file work20.pdb (PDB, C-alpha atoms)
ATOM      1  CA  MET T   1      65.563 305.479-169.787  1.00  0.00           C
ATOM      2  CA  SER T   2      68.844 307.312-170.186  1.00  0.00           C
ATOM      3  CA  ALA T   3      72.071 305.698-168.990  1.00  0.00           C
ATOM      4  CA  ASP T   4      73.441 309.094-167.893  1.00  0.00           C
ATOM      5  CA  VAL T   5      71.126 309.369-164.861  1.00  0.00           C
ATOM      6  CA  PRO T   6      72.538 307.606-161.788  1.00  0.00           C
ATOM      7  CA  LEU T   7      70.030 305.422-159.946  1.00  0.00           C
ATOM      8  CA  ALA T   8      71.673 305.830-156.524  1.00  0.00           C
ATOM      9  CA  SER T   9      72.013 309.020-154.543  1.00  0.00           C
ATOM     10  CA  TRP T  10      75.348 310.746-154.189  1.00  0.00           C
ATOM     11  CA  LYS T  11      75.557 309.587-150.555  1.00  0.00           C
ATOM     12  CA  THR T  12      75.215 305.959-151.610  1.00  0.00           C
ATOM     13  CA  GLN T  13      77.833 306.387-154.316  1.00  0.00           C
ATOM     14  CA  VAL T  14      80.321 307.945-151.881  1.00  0.00           C
ATOM     15  CA  PHE T  15      79.651 305.211-149.309  1.00  0.00           C
ATOM     16  CA  GLU T  16      80.121 302.461-151.896  1.00  0.00           C
ATOM     17  CA  SER T  17      83.286 304.040-153.251  1.00  0.00           C
ATOM     18  CA  LEU T  18      84.775 304.243-149.746  1.00  0.00           C
ATOM     19  CA  LEU T  19      83.920 300.634-148.890  1.00  0.00           C
ATOM     20  CA  GLY T  20      84.342 299.141-152.350  1.00  0.00           C
ATOM     21  CA  PHE T  21      88.047 298.350-152.062  1.00  0.00           C
ATOM     22  CA  LEU T  22      87.728 296.682-148.635  1.00  0.00           C
ATOM     23  CA  PRO T  23      87.236 292.929-148.099  1.00  0.00           C
ATOM     24  CA  ASP T  24      83.694 291.629-147.750  1.00  0.00           C
ATOM     25  CA  TRP T  25      83.959 290.914-144.025  1.00  0.00           C
ATOM     26  CA  VAL T  26      84.997 294.537-143.349  1.00  0.00           C
ATOM     27  CA  GLN T  27      82.136 295.843-145.495  1.00  0.00           C
ATOM     28  CA  ILE T  28      79.626 293.677-143.637  1.00  0.00           C
ATOM     29  CA  THR T  29      81.036 294.742-140.255  1.00  0.00           C
ATOM     30  CA  VAL T  30      80.866 298.432-141.162  1.00  0.00           C
ATOM     31  CA  LEU T  31      77.317 298.082-142.471  1.00  0.00           C
ATOM     32  CA  ALA T  32      76.283 296.225-139.323  1.00  0.00           C
ATOM     33  CA  LEU T  33      77.794 298.958-137.129  1.00  0.00           C
ATOM     34  CA  VAL T  34      75.962 301.634-139.110  1.00  0.00           C
ATOM     35  CA  VAL T  35      72.675 299.770-138.677  1.00  0.00           C
ATOM     36  CA  VAL T  36      73.289 299.275-134.938  1.00  0.00           C
ATOM     37  CA  ALA T  37      74.119 302.972-134.503  1.00  0.00           C
ATOM     38  CA  PHE T  38      70.965 303.962-136.389  1.00  0.00           C
ATOM     39  CA  LEU T  39      68.798 301.636-134.287  1.00  0.00           C
ATOM     40  CA  ALA T  40      70.396 302.872-131.034  1.00  0.00           C
ATOM     41  CA  ALA T  41      69.756 306.499-131.969  1.00  0.00           C
ATOM     42  CA  TRP T  42      66.173 305.679-132.907  1.00  0.00           C
ATOM     43  CA  ALA T  43      65.610 303.789-129.626  1.00  0.00           C
ATOM     44  CA  LEU T  44      67.073 306.664-127.584  1.00  0.00           C
ATOM     45  CA  LYS T  45      64.839 309.150-129.375  1.00  0.00           C
ATOM     46  CA  LEU T  46      61.812 306.949-128.744  1.00  0.00           C
ATOM     47  CA  LYS T  47      62.740 306.562-125.052  1.00  0.00           C
ATOM     48  CA  ARG T  48      63.007 310.349-124.630  1.00  0.00           C
ATOM     49  CA  ARG T  49      59.676 310.868-126.365  1.00  0.00           C
ATOM     50  CA  ILE T  50      57.980 308.351-124.060  1.00  0.00           C
ATOM     51  CA  ALA T  51      59.580 309.952-120.977  1.00  0.00           C
ATOM     52  CA  ALA T  52      58.388 313.385-122.090  1.00  0.00           C
ATOM     53  CA  ARG T  53      54.825 312.100-122.493  1.00  0.00           C
ATOM     54  CA  ARG T  54      54.777 310.326-119.131  1.00  0.00           C
ATOM     55  CA  ALA T  55      56.276 313.216-117.164  1.00  0.00           C
ATOM     56  CA  PRO T  56      53.124 315.392-117.040  1.00  0.00           C
ATOM     57  CA  ARG T  57      51.048 312.431-115.866  1.00  0.00           C
ATOM     58  CA  THR T  58      53.352 311.303-113.070  1.00  0.00           C
ATOM     59  CA  GLY T  59      54.624 314.711-112.053  1.00  0.00           C
ATOM     60  CA  ALA T  60      58.218 313.649-112.637  1.00  0.00           C
ATOM     61  CA  PRO T  61      60.461 316.367-114.046  1.00  0.00           C
ATOM     62  CA  VAL T  62      61.507 316.011-117.663  1.00  0.00           C
ATOM     63  CA  PRO T  63      65.301 315.975-117.907  1.00  0.00           C
ATOM     64  CA  VAL T  64      66.428 319.227-119.473  1.00  0.00           C
ATOM     65  CA  GLN T  65      69.825 320.355-120.567  1.00  0.00           C
ATOM     66  CA  ALA T  66      71.641 322.212-117.817  1.00  0.00           C
ATOM     67  CA  SER T  67      72.919 325.734-118.358  1.00  0.00           C
ATOM     68  CA  GLY T  68      76.199 327.266-117.280  1.00  0.00           C
ATOM     69  CA  ALA T  69      74.554 329.023-114.337  1.00  0.00           C
ATOM     70  CA  ASP T  70      73.782 325.647-112.777  1.00  0.00           C
ATOM     71  CA  PHE T  71      77.496 324.957-112.286  1.00  0.00           C
ATOM     72  CA  LEU T  72      78.656 328.259-110.721  1.00  0.00           C
ATOM     73  CA  GLY T  73      78.633 326.845-107.200  1.00  0.00           C
ATOM     74  CA  PRO T  74      80.550 329.122-104.805  1.00  0.00           C
ATOM     75  CA  TYR T  75      81.114 331.647-107.617  1.00  0.00           C
ATOM     76  CA  ALA T  76      77.418 332.445-107.977  1.00  0.00           C
ATOM     77  CA  PRO T  77      76.525 335.953-106.790  1.00  0.00           C
ATOM     78  CA  ARG T  78      74.827 335.977-103.414  1.00  0.00           C
ATOM     79  CA  ASN T  79      71.263 337.163-103.107  1.00  0.00           C
ATOM     80  CA  GLN T  80      71.531 340.618-101.548  1.00  0.00           C
ATOM     81  CA  GLY T  81      67.877 341.529-101.896  1.00  0.00           C
ATOM     82  CA  GLY T  82      67.222 341.616 -98.129  1.00  0.00           C
ATOM     83  CA  ALA T  83      67.666 344.755 -96.011  1.00  0.00           C
ATOM     84  CA  ALA T  84      69.746 346.643 -98.581  1.00  0.00           C
ATOM     85  CA  ALA T  85      66.966 346.625-101.165  1.00  0.00           C
ATOM     86  CA  ARG T  86      64.345 347.728 -98.633  1.00  0.00           C
ATOM     87  CA  SER T  87      66.447 350.553 -97.202  1.00  0.00           C
ATOM     88  CA  GLY T  88      66.755 352.301-100.567  1.00  0.00           C
ATOM     89  CA  ALA T  89      70.363 351.302-101.205  1.00  0.00           C
ATOM     90  CA  ARG T  90      71.514 351.034-104.785  1.00  0.00           C
ATOM     91  CA  GLU T  91      71.281 347.797-106.774  1.00  0.00           C
ATOM     92  CA  PRO T  92      74.491 345.744-106.875  1.00  0.00           C
ATOM     93  CA  SER T  93      76.351 345.905-110.159  1.00  0.00           C
ATOM     94  CA  GLY T  94      78.873 343.602-111.790  1.00  0.00           C
ATOM     95  CA  ALA T  95      81.706 345.642-110.308  1.00  0.00           C
ATOM     96  CA  ASP T  96      80.527 344.723-106.815  1.00  0.00           C
ATOM     97  CA  PHE T  97      81.657 341.153-107.447  1.00  0.00           C
ATOM     98  CA  LEU T  98      85.123 342.062-108.754  1.00  0.00           C
ATOM     99  CA  GLY T  99      86.615 342.753-105.338  1.00  0.00           C
ATOM    100  CA  ALA T 100      90.102 344.244-105.521  1.00  0.00           C
ATOM    101  CA  TYR T 101      89.965 344.293-109.323  1.00  0.00           C
ATOM    102  CA  ALA T 102      86.994 346.683-109.473  1.00  0.00           C
ATOM    103  CA  PRO T 103      87.668 350.189-110.811  1.00  0.00           C
ATOM    104  CA  ARG T 104      87.542 353.018-108.254  1.00  0.00           C
ATOM    105  CA  ARG T 105      84.283 354.951-108.117  1.00  0.00           C
ATOM    106  CA  GLU T 106      84.221 358.694-108.402  1.00  0.00           C
ATOM    107  CA  ASP T 107      81.023 359.066-106.340  1.00  0.00           C
ATOM    108  CA  GLY T 108      82.864 358.512-103.086  1.00  0.00           C
ATOM    109  CA  GLY T 109      81.943 354.843-102.680  1.00  0.00           C
ATOM    110  CA  HIS T 110      84.505 352.210-101.926  1.00  0.00           C
ATOM    111  CA  GLY T 111      85.123 349.104-103.871  1.00  0.00           C
TER     112      GLY T 111
END
call {"tool": "encode", "arguments": {"input": "work20.pdb", "output": "structure tokens"}}
result
Amino acid sequence: MSADVPLASWKTQVFESLLGFLPDWVQITVLALVVVAFLAAWALKLKRRIAARRAPRTGAPVPVQASGADFLGPYAPRNQGGAAARSGAREPSGADFLGAYAPRREDGGHG
């Protein structure tokens, strides 16, 4: 076997070179924290996987990541699909929500 081939990966070599000059108790503490973080991430992943499997059985919703539209609150456009849509009026556009900042229309409409 050739002595030129390193036995450890480059990640291990970088990790050892960063911790090599520290005292033993710091090295052990850092290694323990890395192991705890790895186990916590693994446990969280396992918990989510179990929750996703149980959700279809129990009918409970699976927690999903919220989108920006979920947080619009009072700024969300109102549903104007009632009488205006049935009477043949035009569809609302983005300019309808601009208020005083909307450009003037040339077709005689206001807004």
call {"tool": "axis_aligned_box", "arguments": {"input": "work20.pdb", "around": "segment 7-17 of chain T", "padding_each_side": "6 Å", "output": "lines of an AutoDock Vina configuration file"}}
result
center_x = 76.7
center_y = 306.6
center_z = -154.6
size_x = 25.3
size_y = 20.3
size_z = 22.6
call {"tool": "atom_distance", "arguments": {"input": "work20.pdb", "atom1": "atom CA of Ser9 of chain T", "atom2": "atom CA of Leu22 of chain T"}}
result
20.8 Å
call {"tool": "residues_around", "arguments": {"input": "work20.pdb", "residues": "Arg78 of chain T", "least_positions_apart": "6", "cutoff": "12 Å", "atoms": "all atoms listed in the file", "output": "list in words"}}
result
Leu72, Pro92, Asp96 and Phe97 of chain T
call {"tool": "closest_residue", "arguments": {"input": "work20.pdb", "among": "T:Ala37, T:Lys47, T:Leu31, T:Ala52", "to": "Leu19 of chain T", "atoms": "all atoms listed in the file"}}
result
T:Leu31
call {"tool": "atom_distance", "arguments": {"input": "work20.pdb", "atom1": "atom CA of Thr29 of chain T", "atom2": "atom CA of Lys45 of chain T"}}
result
24.3 Å
call {"tool": "atom_distance", "arguments": {"input": "work20.pdb", "atom1": "atom CA of Phe15 of chain T", "atom2": "atom CA of Val36 of chain T"}}
result
16.8 Å
call {"tool": "build_atoms", "arguments": {"input": "work20.pdb", "residues": "segment 23-39 of chain T", "atoms": "N, CA and C atoms", "output": "mmCIF file, in the coordinates of the input"}}
result
data_model
loop_
_atom_site.group_PDB
_atom_site.id
_atom_site.type_symbol
_atom_site.label_atom_id
_atom_site.label_comp_id
_atom_site.auth_asym_id
_atom_site.auth_seq_id
_atom_site.Cartn_x
_atom_site.Cartn_y
_atom_site.Cartn_z
ATOM 1 N N PRO T 23 87.743 294.305 -148.031
ATOM 2 C CA PRO T 23 87.236 292.929 -148.099
ATOM 3 C C PRO T 23 85.773 292.852 -147.656
ATOM 4 N N ASP T 24 85.122 291.781 -148.047
ATOM 5 C CA ASP T 24 83.694 291.629 -147.750
ATOM 6 C C ASP T 24 83.403 291.643 -146.254
ATOM 7 N N TRP T 25 84.231 290.980 -145.450
ATOM 8 C CA TRP T 25 83.959 290.914 -144.025
ATOM 9 C C TRP T 25 84.045 292.287 -143.373
ATOM 10 N N VAL T 26 84.911 293.167 -143.881
ATOM 11 C CA VAL T 26 84.997 294.537 -143.349
ATOM 12 C C VAL T 26 83.761 295.330 -143.769
ATOM 13 N N GLN T 27 83.330 295.149 -145.010
ATOM 14 C CA GLN T 27 82.136 295.843 -145.495
ATOM 15 C C GLN T 27 80.912 295.448 -144.668
ATOM 16 N N ILE T 28 80.772 294.161 -144.412
ATOM 17 C CA ILE T 28 79.626 293.677 -143.637
ATOM 18 C C ILE T 28 79.680 294.208 -142.210
ATOM 19 N N THR T 29 80.886 294.224 -141.613
ATOM 20 C CA THR T 29 81.036 294.742 -140.255
ATOM 21 C C THR T 29 80.679 296.218 -140.181
ATOM 22 N N VAL T 30 81.163 296.996 -141.148
ATOM 23 C CA VAL T 30 80.866 298.432 -141.162
ATOM 24 C C VAL T 30 79.370 298.664 -141.348
ATOM 25 N N LEU T 31 78.754 297.936 -142.254
ATOM 26 C CA LEU T 31 77.317 298.082 -142.471
ATOM 27 C C LEU T 31 76.523 297.695 -141.221
ATOM 28 N N ALA T 32 76.966 296.636 -140.552
ATOM 29 C CA ALA T 32 76.283 296.225 -139.323
ATOM 30 C C ALA T 32 76.422 297.293 -138.238
ATOM 31 N N LEU T 33 77.599 297.898 -138.117
ATOM 32 C CA LEU T 33 77.794 298.958 -137.129
ATOM 33 C C LEU T 33 76.946 300.185 -137.442
ATOM 34 N N VAL T 34 76.804 300.505 -138.713
ATOM 35 C CA VAL T 34 75.962 301.634 -139.110
ATOM 36 C C VAL T 34 74.513 301.351 -138.744
ATOM 37 N N VAL T 35 74.052 300.140 -139.004
ATOM 38 C CA VAL T 35 72.675 299.770 -138.677
ATOM 39 C C VAL T 35 72.453 299.792 -137.162
ATOM 40 N N VAL T 36 73.412 299.275 -136.397
ATOM 41 C CA VAL T 36 73.289 299.275 -134.938
ATOM 42 C C VAL T 36 73.261 300.711 -134.402
ATOM 43 N N ALA T 37 74.109 301.575 -134.943
ATOM 44 C CA ALA T 37 74.119 302.972 -134.503
ATOM 45 C C ALA T 37 72.792 303.651 -134.832
ATOM 46 N N PHE T 38 72.252 303.381 -136.003
ATOM 47 C CA PHE T 38 70.965 303.962 -136.389
ATOM 48 C C PHE T 38 69.851 303.477 -135.464
ATOM 49 N N LEU T 39 69.830 302.177 -135.171
ATOM 50 C CA LEU T 39 68.798 301.636 -134.287
ATOM 51 C C LEU T 39 68.941 302.165 -132.861
#
